[in-house]
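Shown next: protein-v3.cif, given as mmCIF, C-alpha atoms and all ligand atoms; chains and numbers go by the auth columns.
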```cif
data_input
#
loop_
_atom_site.group_PDB
_atom_site.id
_atom_site.type_symbol
_atom_site.label_atom_id
_atom_site.label_comp_id
_atom_site.label_asym_id
_atom_site.label_seq_id
_atom_site.Cartn_x
_atom_site.Cartn_y
_atom_site.Cartn_z
_atom_site.B_iso_or_equiv
_atom_site.auth_seq_id
_atom_site.auth_asym_id
ATOM 1 C CA MET A 1 98.491 20.570 33.090 0.00 580 A
ATOM 2 C CA LEU A 2 101.455 18.259 33.628 0.00 581 A
ATOM 3 C CA ALA A 3 99.109 15.294 33.385 0.00 582 A
ATOM 4 C CA GLU A 4 98.005 16.470 29.943 0.00 583 A
ATOM 5 C CA GLN A 5 101.548 17.044 28.750 0.00 584 A
ATOM 6 C CA TYR A 6 102.484 13.579 29.948 0.00 585 A
ATOM 7 C CA GLN A 7 99.495 12.023 28.161 0.00 586 A
ATOM 8 C CA GLU A 8 100.310 13.884 24.974 0.00 587 A
ATOM 9 C CA ILE A 9 103.909 12.671 24.925 0.00 588 A
ATOM 10 C CA LEU A 10 102.821 9.156 25.875 0.00 589 A
ATOM 11 C CA GLU A 11 100.466 9.025 22.899 0.00 590 A
ATOM 12 C CA LYS A 12 103.248 10.119 20.571 0.00 591 A
ATOM 13 C CA VAL A 13 105.541 7.459 22.002 0.00 592 A
ATOM 14 C CA HIS A 14 102.830 4.851 21.430 0.00 593 A
ATOM 15 C CA GLY A 15 102.338 6.057 17.859 0.00 594 A
ATOM 16 C CA ALA A 16 106.062 5.831 17.133 0.00 595 A
ATOM 17 C CA SER A 17 106.184 2.340 18.645 0.00 596 A
ATOM 18 C CA VAL A 18 103.393 1.191 16.353 0.00 597 A
ATOM 19 C CA ARG A 19 105.189 2.748 13.346 0.00 598 A
ATOM 20 C CA SER A 20 108.203 0.627 14.277 0.00 599 A
ATOM 21 C CA GLY A 21 106.060 -2.512 13.978 0.00 600 A
ATOM 22 C CA ARG A 22 105.734 -3.067 17.706 0.00 601 A
ATOM 23 C CA LYS A 23 102.970 -2.813 20.267 0.00 602 A
ATOM 24 C CA GLU A 24 102.218 0.509 21.976 0.00 603 A
ATOM 25 C CA THR A 25 103.353 -0.899 25.283 0.00 604 A
ATOM 26 C CA ASP A 26 106.705 -2.199 24.022 0.00 605 A
ATOM 27 C CA VAL A 27 108.157 1.221 24.852 0.00 606 A
ATOM 28 C CA THR A 28 108.267 2.764 28.318 0.00 607 A
ATOM 29 C CA LEU A 29 108.293 6.531 28.679 0.00 608 A
ATOM 30 C CA ILE A 30 110.615 7.669 31.467 0.00 609 A
ATOM 31 C CA ALA A 31 109.655 11.066 32.863 0.00 610 A
ATOM 32 C CA VAL A 32 112.953 12.832 33.550 0.00 611 A
ATOM 33 C CA SER A 33 112.189 14.809 36.690 0.00 612 A
ATOM 34 C CA LYS A 34 115.613 16.295 37.488 0.00 613 A
ATOM 35 C CA THR A 35 115.384 19.814 39.005 0.00 614 A
ATOM 36 C CA HIS A 36 111.585 19.524 39.296 0.00 615 A
ATOM 37 C CA PRO A 37 109.858 19.425 42.681 0.00 616 A
ATOM 38 C CA VAL A 38 108.144 16.479 44.302 0.00 617 A
ATOM 39 C CA SER A 39 104.761 18.143 43.716 0.00 618 A
ATOM 40 C CA ALA A 40 105.310 18.085 39.945 0.00 619 A
ATOM 41 C CA ILE A 41 106.390 14.443 40.044 0.00 620 A
ATOM 42 C CA ALA A 42 103.271 13.597 42.059 0.00 621 A
ATOM 43 C CA GLU A 43 101.094 15.102 39.320 0.00 622 A
ATOM 44 C CA VAL A 44 102.700 12.971 36.642 0.00 623 A
ATOM 45 C CA TYR A 45 102.494 9.953 38.932 0.00 624 A
ATOM 46 C CA GLU A 46 98.764 10.547 39.331 0.00 625 A
ATOM 47 C CA ALA A 47 98.496 10.576 35.542 0.00 626 A
ATOM 48 C CA GLY A 48 99.787 7.002 35.573 0.00 627 A
ATOM 49 C CA CYS A 49 103.553 7.339 35.175 0.00 628 A
ATOM 50 C CA ARG A 50 105.653 4.978 37.291 0.00 629 A
ATOM 51 C CA ASP A 51 109.080 5.427 35.664 0.00 630 A
ATOM 52 C CA PHE A 52 111.074 8.507 36.601 0.00 631 A
ATOM 53 C CA GLY A 53 114.631 9.467 35.715 0.00 632 A
ATOM 54 C CA GLU A 54 117.130 11.456 37.763 0.00 633 A
ATOM 55 C CA ASN A 55 120.733 12.334 37.064 0.00 634 A
ATOM 56 C CA LYS A 56 121.991 13.280 40.527 0.00 635 A
ATOM 57 C CA VAL A 57 122.358 10.924 43.470 0.00 636 A
ATOM 58 C CA GLN A 58 121.372 13.407 46.163 0.00 637 A
ATOM 59 C CA GLU A 59 118.269 14.482 44.312 0.00 638 A
ATOM 60 C CA LEU A 60 117.164 10.915 43.670 0.00 639 A
ATOM 61 C CA VAL A 61 117.600 10.002 47.330 0.00 640 A
ATOM 62 C CA ALA A 62 115.661 13.038 48.565 0.00 641 A
ATOM 63 C CA LYS A 63 112.764 12.454 46.180 0.00 642 A
ATOM 64 C CA TYR A 64 112.700 8.713 46.821 0.00 643 A
ATOM 65 C CA ASP A 65 111.846 9.299 50.459 0.00 644 A
ATOM 66 C CA GLN A 66 108.944 11.609 49.668 0.00 645 A
ATOM 67 C CA LEU A 67 107.178 9.706 46.905 0.00 646 A
ATOM 68 C CA PRO A 68 105.260 6.410 46.584 0.00 647 A
ATOM 69 C CA ASN A 69 107.418 3.314 46.682 0.00 648 A
ATOM 70 C CA ASP A 70 106.031 1.750 43.508 0.00 649 A
ATOM 71 C CA ILE A 71 107.967 4.307 41.440 0.00 650 A
ATOM 72 C CA ARG A 72 110.777 2.814 39.362 0.00 651 A
ATOM 73 C CA TRP A 73 113.703 5.203 39.710 0.00 652 A
ATOM 74 C CA HIS A 74 116.134 5.254 36.800 0.00 653 A
ATOM 75 C CA MET A 75 119.611 6.684 37.329 0.00 654 A
ATOM 76 C CA ILE A 76 120.414 8.246 33.974 0.00 655 A
ATOM 77 C CA GLY A 77 123.283 10.603 34.789 0.00 656 A
ATOM 78 C CA HIS A 78 127.021 10.198 35.141 0.00 657 A
ATOM 79 C CA LEU A 79 127.646 8.342 38.385 0.00 658 A
ATOM 80 C CA GLN A 80 130.678 8.653 40.649 0.00 659 A
ATOM 81 C CA THR A 81 131.797 5.412 42.275 0.00 660 A
ATOM 82 C CA ASN A 82 131.810 6.896 45.775 0.00 661 A
ATOM 83 C CA LYS A 83 128.086 7.694 45.504 0.00 662 A
ATOM 84 C CA VAL A 84 126.810 4.313 44.363 0.00 663 A
ATOM 85 C CA LYS A 85 126.225 3.234 47.961 0.00 664 A
ATOM 86 C CA TYR A 86 123.508 5.861 48.449 0.00 665 A
ATOM 87 C CA ILE A 87 121.287 4.543 45.677 0.00 666 A
ATOM 88 C CA ALA A 88 122.039 0.805 45.617 0.00 667 A
ATOM 89 C CA ASP A 89 118.840 0.027 47.547 0.00 668 A
ATOM 90 C CA LYS A 90 116.695 2.585 45.708 0.00 669 A
ATOM 91 C CA VAL A 91 117.406 2.468 42.035 0.00 670 A
ATOM 92 C CA TYR A 92 115.484 0.273 39.611 0.00 671 A
ATOM 93 C CA MET A 93 118.036 0.499 36.823 0.00 672 A
ATOM 94 C CA ILE A 94 121.288 2.367 36.163 0.00 673 A
ATOM 95 C CA HIS A 95 121.501 3.572 32.551 0.00 674 A
ATOM 96 C CA SER A 96 124.892 5.242 32.637 0.00 675 A
ATOM 97 C CA VAL A 97 127.558 2.578 33.147 0.00 676 A
ATOM 98 C CA ASP A 98 130.597 3.236 31.002 0.00 677 A
ATOM 99 C CA SER A 99 133.483 1.667 32.891 0.00 678 A
ATOM 100 C CA TYR A 100 134.432 -1.623 34.490 0.00 679 A
ATOM 101 C CA HIS A 101 135.472 0.249 37.600 0.00 680 A
ATOM 102 C CA LEU A 102 131.982 1.711 38.077 0.00 681 A
ATOM 103 C CA ALA A 103 130.298 -1.643 37.377 0.00 682 A
ATOM 104 C CA CYS A 104 132.502 -3.274 40.067 0.00 683 A
ATOM 105 C CA GLU A 105 131.384 -0.726 42.598 0.00 684 A
ATOM 106 C CA ILE A 106 127.706 -1.193 41.674 0.00 685 A
ATOM 107 C CA SER A 107 128.081 -4.966 41.984 0.00 686 A
ATOM 108 C CA LYS A 108 129.751 -4.613 45.379 0.00 687 A
ATOM 109 C CA GLU A 109 127.057 -2.305 46.760 0.00 688 A
ATOM 110 C CA ALA A 110 124.267 -4.408 45.236 0.00 689 A
ATOM 111 C CA ALA A 111 125.677 -7.469 47.020 0.00 690 A
ATOM 112 C CA LYS A 112 125.396 -5.642 50.343 0.00 691 A
ATOM 113 C CA GLN A 113 121.696 -5.101 49.575 0.00 692 A
ATOM 114 C CA ASN A 114 121.253 -8.714 48.534 0.00 693 A
ATOM 115 C CA ARG A 115 120.178 -7.764 45.059 0.00 694 A
ATOM 116 C CA VAL A 116 121.245 -7.750 41.435 0.00 695 A
ATOM 117 C CA ILE A 117 121.060 -4.290 39.875 0.00 696 A
ATOM 118 C CA PRO A 118 120.007 -4.095 36.210 0.00 697 A
ATOM 119 C CA ILE A 119 122.361 -1.840 34.254 0.00 698 A
ATOM 120 C CA LEU A 120 122.766 -0.439 30.767 0.00 699 A
ATOM 121 C CA ILE A 121 126.055 0.309 29.041 0.00 700 A
ATOM 122 C CA GLU A 122 126.243 3.947 27.942 0.00 701 A
ATOM 123 C CA VAL A 123 127.658 4.259 24.440 0.00 702 A
ATOM 124 C CA ASN A 124 128.991 7.493 22.951 0.00 703 A
ATOM 125 C CA ILE A 125 127.561 6.552 19.603 0.00 704 A
ATOM 126 C CA ALA A 126 128.152 9.934 17.934 0.00 705 A
ATOM 127 C CA LYS A 127 131.752 10.069 19.221 0.00 706 A
ATOM 128 C CA GLU A 128 131.247 13.460 20.829 0.00 707 A
ATOM 129 C CA GLU A 129 134.235 14.628 22.826 0.00 708 A
ATOM 130 C CA SER A 130 132.112 16.203 25.535 0.00 709 A
ATOM 131 C CA LYS A 131 130.117 13.063 26.260 0.00 710 A
ATOM 132 C CA PHE A 132 130.515 10.188 28.653 0.00 711 A
ATOM 133 C CA GLY A 133 130.040 6.665 27.380 0.00 712 A
ATOM 134 C CA VAL A 134 132.178 3.945 25.924 0.00 713 A
ATOM 135 C CA MET A 135 133.116 4.090 22.242 0.00 714 A
ATOM 136 C CA GLU A 136 131.151 1.767 19.974 0.00 715 A
ATOM 137 C CA GLU A 137 134.223 -0.312 19.119 0.00 716 A
ATOM 138 C CA ASP A 138 135.013 -0.924 22.800 0.00 717 A
ATOM 139 C CA ALA A 139 131.468 -1.733 23.919 0.00 718 A
ATOM 140 C CA ALA A 140 131.465 -5.513 23.363 0.00 719 A
ATOM 141 C CA GLU A 141 134.698 -5.966 25.299 0.00 720 A
ATOM 142 C CA LEU A 142 133.354 -3.919 28.211 0.00 721 A
ATOM 143 C CA VAL A 143 130.145 -5.983 28.203 0.00 722 A
ATOM 144 C CA ARG A 144 132.196 -9.198 28.379 0.00 723 A
ATOM 145 C CA ARG A 145 134.156 -8.023 31.406 0.00 724 A
ATOM 146 C CA ILE A 146 131.174 -6.629 33.300 0.00 725 A
ATOM 147 C CA ALA A 147 129.150 -9.783 32.582 0.00 726 A
ATOM 148 C CA LEU A 148 131.421 -11.660 34.982 0.00 727 A
ATOM 149 C CA LEU A 149 130.381 -9.537 37.965 0.00 728 A
ATOM 150 C CA PRO A 150 127.878 -11.349 40.208 0.00 729 A
ATOM 151 C CA ASN A 151 125.518 -8.556 41.303 0.00 730 A
ATOM 152 C CA VAL A 152 124.901 -6.580 38.148 0.00 731 A
ATOM 153 C CA LYS A 153 122.909 -7.705 35.149 0.00 732 A
ATOM 154 C CA ILE A 154 123.468 -6.059 31.784 0.00 733 A
ATOM 155 C CA ARG A 155 120.096 -5.490 30.138 0.00 734 A
ATOM 156 C CA GLY A 156 121.142 -3.444 27.114 0.00 735 A
ATOM 157 C CA LEU A 157 122.519 -0.140 25.867 0.00 736 A
ATOM 158 C CA MET A 158 121.873 3.556 26.373 0.00 737 A
ATOM 159 C CA THR A 159 122.974 6.648 24.482 0.00 738 A
ATOM 160 C CA ILE A 160 122.641 10.406 24.707 0.00 739 A
ATOM 161 C CA ALA A 161 122.449 11.670 21.139 0.00 740 A
ATOM 162 C CA PRO A 162 123.799 15.075 20.103 0.00 741 A
ATOM 163 C CA TYR A 163 121.742 18.190 20.672 0.00 742 A
ATOM 164 C CA VAL A 164 120.242 18.998 17.268 0.00 743 A
ATOM 165 C CA ASP A 165 117.492 21.191 15.871 0.00 744 A
ATOM 166 C CA ASP A 166 116.305 18.538 13.431 0.00 745 A
ATOM 167 C CA PRO A 167 115.687 15.140 15.088 0.00 746 A
ATOM 168 C CA GLU A 168 116.192 13.386 11.737 0.00 747 A
ATOM 169 C CA LYS A 169 119.894 14.136 12.096 0.00 748 A
ATOM 170 C CA ASN A 170 119.999 11.743 15.038 0.00 749 A
ATOM 171 C CA ARG A 171 118.244 8.859 13.292 0.00 750 A
ATOM 172 C CA GLN A 172 121.601 7.450 12.126 0.00 751 A
ATOM 173 C CA TYR A 173 122.795 7.248 15.741 0.00 752 A
ATOM 174 C CA PHE A 174 119.678 5.448 16.951 0.00 753 A
ATOM 175 C CA VAL A 175 120.019 2.998 14.062 0.00 754 A
ATOM 176 C CA GLY A 176 123.686 2.590 15.017 0.00 755 A
ATOM 177 C CA LEU A 177 122.902 1.796 18.655 0.00 756 A
ATOM 178 C CA LYS A 178 120.280 -0.731 17.604 0.00 757 A
ATOM 179 C CA HIS A 179 122.783 -2.445 15.292 0.00 758 A
ATOM 180 C CA LEU A 180 125.383 -2.560 18.028 0.00 759 A
ATOM 181 C CA SER A 181 122.891 -4.129 20.408 0.00 760 A
ATOM 182 C CA VAL A 182 121.955 -6.797 17.839 0.00 761 A
ATOM 183 C CA ASP A 183 125.661 -7.467 17.243 0.00 762 A
ATOM 184 C CA ILE A 184 126.365 -7.942 20.945 0.00 763 A
ATOM 185 C CA ALA A 185 123.230 -10.055 21.431 0.00 764 A
ATOM 186 C CA ARG A 186 124.473 -12.413 18.707 0.00 765 A
ATOM 187 C CA GLN A 187 127.606 -13.090 20.741 0.00 766 A
ATOM 188 C CA ASN A 188 125.455 -14.856 23.362 0.00 767 A
ATOM 189 C CA ILE A 189 127.490 -13.690 26.337 0.00 768 A
ATOM 190 C CA ASP A 190 126.491 -15.392 29.612 0.00 769 A
ATOM 191 C CA ASN A 191 124.585 -13.175 32.066 0.00 770 A
ATOM 192 C CA VAL A 192 123.839 -10.551 29.371 0.00 771 A
ATOM 193 C CA ASP A 193 120.483 -9.591 27.891 0.00 772 A
ATOM 194 C CA MET A 194 120.233 -7.064 25.084 0.00 773 A
ATOM 195 C CA ASP A 195 116.506 -6.452 25.347 0.00 774 A
ATOM 196 C CA VAL A 196 116.694 -2.812 26.464 0.00 775 A
ATOM 197 C CA LEU A 197 117.566 0.233 24.366 0.00 776 A
ATOM 198 C CA SER A 198 117.397 3.553 26.204 0.00 777 A
ATOM 199 C CA MET A 199 117.432 6.397 23.698 0.00 778 A
ATOM 200 C CA GLY A 200 115.682 9.603 22.755 0.00 779 A
ATOM 201 C CA MET A 201 114.969 12.821 24.682 0.00 780 A
ATOM 202 C CA SER A 202 112.444 15.657 24.274 0.00 781 A
ATOM 203 C CA GLY A 203 113.769 16.688 20.865 0.00 782 A
ATOM 204 C CA ASP A 204 114.022 13.266 19.265 0.00 783 A
ATOM 205 C CA TYR A 205 112.089 10.638 21.250 0.00 784 A
ATOM 206 C CA GLN A 206 109.778 9.841 18.348 0.00 785 A
ATOM 207 C CA VAL A 207 112.656 9.146 15.974 0.00 786 A
ATOM 208 C CA ALA A 208 114.423 7.099 18.667 0.00 787 A
ATOM 209 C CA THR A 209 111.282 5.061 19.276 0.00 788 A
ATOM 210 C CA GLU A 210 110.765 4.472 15.555 0.00 789 A
ATOM 211 C CA GLU A 211 114.276 3.016 15.525 0.00 790 A
ATOM 212 C CA GLY A 212 113.696 0.633 18.394 0.00 791 A
ATOM 213 C CA ALA A 213 113.977 2.408 21.757 0.00 792 A
ATOM 214 C CA THR A 214 112.408 0.414 24.589 0.00 793 A
ATOM 215 C CA TYR A 215 112.922 3.282 27.034 0.00 794 A
ATOM 216 C CA THR A 216 112.740 6.886 25.947 0.00 795 A
ATOM 217 C CA ARG A 217 113.641 9.665 28.381 0.00 796 A
ATOM 218 C CA VAL A 218 111.636 12.885 28.242 0.00 797 A
ATOM 219 C CA GLY A 219 112.100 15.792 30.651 0.00 798 A
ATOM 220 C CA THR A 220 111.323 19.208 29.174 0.00 799 A
ATOM 221 C CA GLY A 221 108.474 17.879 27.023 0.00 800 A
ATOM 222 C CA ILE A 222 106.585 16.762 30.139 0.00 801 A
ATOM 223 C CA PHE A 223 107.702 19.117 32.927 0.00 802 A
ATOM 224 C CA GLY A 224 108.629 22.216 30.933 0.00 803 A
ATOM 225 C CA LYS A 225 111.921 24.053 31.086 0.00 804 A
ATOM 226 C CA ARG A 226 114.380 23.355 33.860 0.00 805 A
ATOM 227 C CA ASP A 227 115.341 26.183 36.180 0.00 806 A
ATOM 228 C CA TYR A 228 118.810 25.412 37.472 0.00 807 A
ATOM 229 C CA MET A 229 118.694 28.360 39.872 0.00 808 A
ATOM 230 C CA VAL A 230 116.185 26.573 42.125 0.00 809 A
HETATM 231 C C1 LIG B . 118.026 15.564 31.152 0.00 901 A
HETATM 232 C C2 LIG B . 118.131 14.265 30.466 0.00 901 A
HETATM 233 C C3 LIG B . 117.117 13.800 29.610 0.00 901 A
HETATM 234 C C4 LIG B . 115.869 14.595 29.278 0.00 901 A
HETATM 235 O O1 LIG B . 116.191 15.730 28.543 0.00 901 A
HETATM 236 P P1 LIG B . 115.046 16.644 27.897 0.00 901 A
HETATM 237 O O2 LIG B . 115.694 17.254 26.718 0.00 901 A
HETATM 238 O O3 LIG B . 114.660 17.634 28.936 0.00 901 A
HETATM 239 O O4 LIG B . 113.933 15.749 27.533 0.00 901 A
HETATM 240 C C5 LIG B . 117.266 12.546 29.034 0.00 901 A
HETATM 241 N N1 LIG B . 118.357 11.787 29.264 0.00 901 A
HETATM 242 C C6 LIG B . 119.350 12.191 30.071 0.00 901 A
HETATM 243 C C7 LIG B . 120.517 11.302 30.289 0.00 901 A
HETATM 244 C C8 LIG B . 119.279 13.441 30.697 0.00 901 A
HETATM 245 O O5 LIG B . 120.282 13.828 31.498 0.00 901 A
#
```

Exercise: express the given structure as structure tokens:
Amino acid sequence: MLAEQYQEILEKVHGASVRSGRKETDVTLIAVSKTHPVSAIAEVYEAGCRDFGENKVQELVAKYDQLPNDIRWHMIGHLQTNKVKYIADKVYMIHSVDSYHLACEISKEAAKQNRVIPILIEVNIAKEESKFGVMEEDAAELVRRIALLPNVKIRGLMTIAPYVDDPEKNRQYFVGLKHLSVDIARQNIDNVDMDVLSMGMSGDYQVATEEGATYTRVGTGIFGKRDYMV
């Protein structure tokens, strides 16, 4: 059943990518597996998914050890600096970098693992008080500073759009993030690529993909509702 739900969402992502004038495969669907058991992840893996997203360090580490090692693990949640060391050798990309301080820590821990960790800058594009992420107007400056760190590589931007009933309400924010990424790309900052845009969740991934997402992060739509009591 999870395999079918995954396939269904994947087809919709592909359709939205084509509507945006791109190829089906220009967008990667990240299955957000937080709170769901290893058995559920294995089902979606069997259906062909290799990109999974987690928002808690402990959970990512536990699942990492129990699942195939060709999975690309995406850290998508707020990350505390003192926990970076636990995932520096495991994570494929960190989507939620919103401070220089955190980027320094990631670079330091990545150096110990002899690697460069790809990161995205999280932008609070809708200026919501409750959200993490750098403000749009401060993003370019943060990118410039982080770009100087040796063991992280900025690949693009990420945002968590507001929770809305009508996904069309979020289109403006996805357009805004795309514009910001084009703006920053034009500045040709050394050691910075702006080829990744991580946006869209279960409620609005099609709109986000139409507006240029290269990663879209779907949890509930694939795995069903989360039970936080587990
Ligand atoms: C949980 C989560 C998602 C997925 O949310 P759904 O609404 O279940 O699809 C996407 N992105 C982030 C950062 C999340 O924490």

*When distances are computed from all atoms listed in the file, which of A:Lys687, A:Arg723, A:Lys662, A:His653 shows the smallest separation from ligand LIG 901 (chain A)?*
A:His653

*Once the PyMOL selection byres (((chain A and resi 733-736) around 9) and not hetatm) has been applied to the shown file, what residues remain in the selection, as a PyMOL selection string?*
chain A and resi 674-675+696-702+722+725-726+731-732+737-738+756-757+759-760+764+770-778

Same residues, C-alpha atoms, output as an mmCIF file, keeping the file's coordinate frame:
```
data_model
loop_
_atom_site.group_PDB
_atom_site.id
_atom_site.type_symbol
_atom_site.label_atom_id
_atom_site.label_comp_id
_atom_site.auth_asym_id
_atom_site.auth_seq_id
_atom_site.Cartn_x
_atom_site.Cartn_y
_atom_site.Cartn_z
ATOM 1 C CA HIS A 674 121.501 3.572 32.551
ATOM 2 C CA SER A 675 124.892 5.242 32.637
ATOM 3 C CA ILE A 696 121.060 -4.290 39.875
ATOM 4 C CA PRO A 697 120.007 -4.095 36.210
ATOM 5 C CA ILE A 698 122.361 -1.840 34.254
ATOM 6 C CA LEU A 699 122.766 -0.439 30.767
ATOM 7 C CA ILE A 700 126.055 0.309 29.041
ATOM 8 C CA GLU A 701 126.243 3.947 27.942
ATOM 9 C CA VAL A 702 127.658 4.259 24.440
ATOM 10 C CA VAL A 722 130.145 -5.983 28.203
ATOM 11 C CA ILE A 725 131.174 -6.629 33.300
ATOM 12 C CA ALA A 726 129.150 -9.783 32.582
ATOM 13 C CA VAL A 731 124.901 -6.580 38.148
ATOM 14 C CA LYS A 732 122.909 -7.705 35.149
ATOM 15 C CA MET A 737 121.873 3.556 26.373
ATOM 16 C CA THR A 738 122.974 6.648 24.482
ATOM 17 C CA LEU A 756 122.902 1.796 18.655
ATOM 18 C CA LYS A 757 120.280 -0.731 17.604
ATOM 19 C CA LEU A 759 125.383 -2.560 18.028
ATOM 20 C CA SER A 760 122.891 -4.129 20.408
ATOM 21 C CA ALA A 764 123.230 -10.055 21.431
ATOM 22 C CA ASN A 770 124.585 -13.175 32.066
ATOM 23 C CA VAL A 771 123.839 -10.551 29.371
ATOM 24 C CA ASP A 772 120.483 -9.591 27.891
ATOM 25 C CA MET A 773 120.233 -7.064 25.084
ATOM 26 C CA ASP A 774 116.506 -6.452 25.347
ATOM 27 C CA VAL A 775 116.694 -2.812 26.464
ATOM 28 C CA LEU A 776 117.566 0.233 24.366
ATOM 29 C CA SER A 777 117.397 3.553 26.204
ATOM 30 C CA MET A 778 117.432 6.397 23.698
#
```

*Taking the file as shown, find all residues satisfying the PyMOL selection byres (((not hetatm)) within 6 of (chain A and resi 901)) and write them as an MDAnalysis selection string.*
chainID A and resid 611 634 655:656 780:781 796:800

*Selected by the PyMOL selection byres (((chain A and resi 584) around 12) and not hetatm) in the shown coordinates: which residues, as an MDAnalysis selection string?*
chainID A and resid 580:583 585:591 610 619 622:623 626 628 781 797:803

_Considering all atoms listed in the file, can you say which of A:Gly712, A:Tyr742, A:Glu603, A:Asn749 comes closest to Tyr679 in chain A?_
A:Gly712

*Would you list the contacts of Arg629 in chain A as a ChimeraX atom specification, taking every protein, DNA or RNA residue within 12 Å and counting only C-alpha atoms, but skipping same-chain residues closer than 4 positions in sequence?*
/A:585,607-612,620-625,646-653,671

_Counting all atoms listed in the file, the residue of A:Thr795, A:Glu789, A:His680, A:Ile685 that sits nearest Ser599 in chain A_ = A:Glu789

So that I can see what lies close to Asn703 in chain A, please list as a compact mmCIF listing (two decimals) with C-alpha atoms, in the coordinates of the input the residues with an atom at most 8 Å from it, counting all atoms listed in the file and leaving out residues fewer than 4 positions away in the same chain.
```
# COMPACT_ATOMS: atom_id res chain seq x y z
CA GLU A 707 131.25 13.46 20.83
CA LYS A 710 130.12 13.06 26.26
CA PHE A 711 130.51 10.19 28.65
CA GLY A 712 130.04 6.66 27.38
CA VAL A 713 132.18 3.94 25.92
CA MET A 714 133.12 4.09 22.24
CA GLU A 715 131.15 1.77 19.97
CA THR A 738 122.97 6.65 24.48
CA ILE A 739 122.64 10.41 24.71
CA ALA A 740 122.45 11.67 21.14
```

*Find the distance between CA of Ala682 in chain A and CA of Gln637 in chain A and write it in Å to one decimal.*
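Taking CA of Ala682 in chain A and CA of Gln637 in chain A, their separation equals 19.6 Å.
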
_I'd like the contact shell of His593 in chain A - 9 Å cut-off, all atoms listed in the file, skipping same-chain residues fewer than 6 positions apart - returned as a ChimeraX atom specification._
/A:602-606,788

Distance query Ile666 in chain A at most 12 Å, all atoms listed in the file, self and fewer than 4 positions along chain excluded, as an mmCIF file with C-alpha atoms, keeping the file's coordinate frame:
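Writing the result to out.cif gives the following:
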```
data_model
loop_
_atom_site.group_PDB
_atom_site.id
_atom_site.type_symbol
_atom_site.label_atom_id
_atom_site.label_comp_id
_atom_site.auth_asym_id
_atom_site.auth_seq_id
_atom_site.Cartn_x
_atom_site.Cartn_y
_atom_site.Cartn_z
ATOM 1 C CA GLU A 633 117.130 11.456 37.763
ATOM 2 C CA ASN A 634 120.733 12.334 37.064
ATOM 3 C CA LYS A 635 121.991 13.280 40.527
ATOM 4 C CA VAL A 636 122.358 10.924 43.470
ATOM 5 C CA GLN A 637 121.372 13.407 46.163
ATOM 6 C CA GLU A 638 118.269 14.482 44.312
ATOM 7 C CA LEU A 639 117.164 10.915 43.670
ATOM 8 C CA VAL A 640 117.600 10.002 47.330
ATOM 9 C CA ALA A 641 115.661 13.038 48.565
ATOM 10 C CA LYS A 642 112.764 12.454 46.180
ATOM 11 C CA TYR A 643 112.700 8.713 46.821
ATOM 12 C CA ASP A 644 111.846 9.299 50.459
ATOM 13 C CA TRP A 652 113.703 5.203 39.710
ATOM 14 C CA HIS A 653 116.134 5.254 36.800
ATOM 15 C CA MET A 654 119.611 6.684 37.329
ATOM 16 C CA LEU A 658 127.646 8.342 38.385
ATOM 17 C CA GLN A 659 130.678 8.653 40.649
ATOM 18 C CA THR A 660 131.797 5.412 42.275
ATOM 19 C CA ASN A 661 131.810 6.896 45.775
ATOM 20 C CA LYS A 662 128.086 7.694 45.504
ATOM 21 C CA VAL A 670 117.406 2.468 42.035
ATOM 22 C CA TYR A 671 115.484 0.273 39.611
ATOM 23 C CA MET A 672 118.036 0.499 36.823
ATOM 24 C CA ILE A 673 121.288 2.367 36.163
ATOM 25 C CA GLU A 684 131.384 -0.726 42.598
ATOM 26 C CA ILE A 685 127.706 -1.193 41.674
ATOM 27 C CA GLU A 688 127.057 -2.305 46.760
ATOM 28 C CA ALA A 689 124.267 -4.408 45.236
ATOM 29 C CA LYS A 691 125.396 -5.642 50.343
ATOM 30 C CA GLN A 692 121.696 -5.101 49.575
ATOM 31 C CA ILE A 696 121.060 -4.290 39.875
#
```

The centre and edge lengths of an axis-aligned box containing all atoms of range 671-674 of chain A present in the file, extended by 4 Å on each side, are to be given in Å to one decimal, as lines of an AutoDock Vina configuration file.
```
center_x = 118.5
center_y = 1.9
center_z = 36.1
size_x = 14.0
size_y = 11.3
size_z = 15.1
```

*Which residues, written as a ChimeraX atom specification, have at least one atom at most 9 Å from Val743 in chain A, with all atoms listed in the file counted and residues fewer than 4 positions away on the same chain left out?*
/A:747-749,782-783

Next, dump the selected residues to file, keeping only C-alpha atoms, as a PDB file, in the frame of the given file.
```
ATOM      1  CA  GLU A 747     116.192  13.386  11.737  1.00  0.00           C
ATOM      2  CA  LYS A 748     119.894  14.136  12.096  1.00  0.00           C
ATOM      3  CA  ASN A 749     119.999  11.743  15.038  1.00  0.00           C
ATOM      4  CA  GLY A 782     113.769  16.688  20.865  1.00  0.00           C
ATOM      5  CA  ASP A 783     114.022  13.266  19.265  1.00  0.00           C
TER       6      ASP A 783
END
```

*Nearest to Pro746 in chain A among A:Asn767, A:Ser709, A:Asn730, A:Ala787, with distances taken over only C-alpha atoms: which residue is it?*
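When distances to Pro746 in chain A are compared using only C-alpha atoms, the smallest one comes from A:Ala787.
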
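Of note, CA of Pro741 in chain A and CA of Tyr784 in chain A are spaced 12.6 Å apart.
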
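The interatomic distance for the pair CA of Gly632 in chain A and CA of Lys613 in chain A works out to 7.1 Å.
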
*From the list A:Ala690, A:Arg598, A:Asp762, A:His615, which residue is nearest Phe631 in chain A when using all atoms listed in the file?*
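For Phe631 in chain A, the nearest of the given residues is A:His615.
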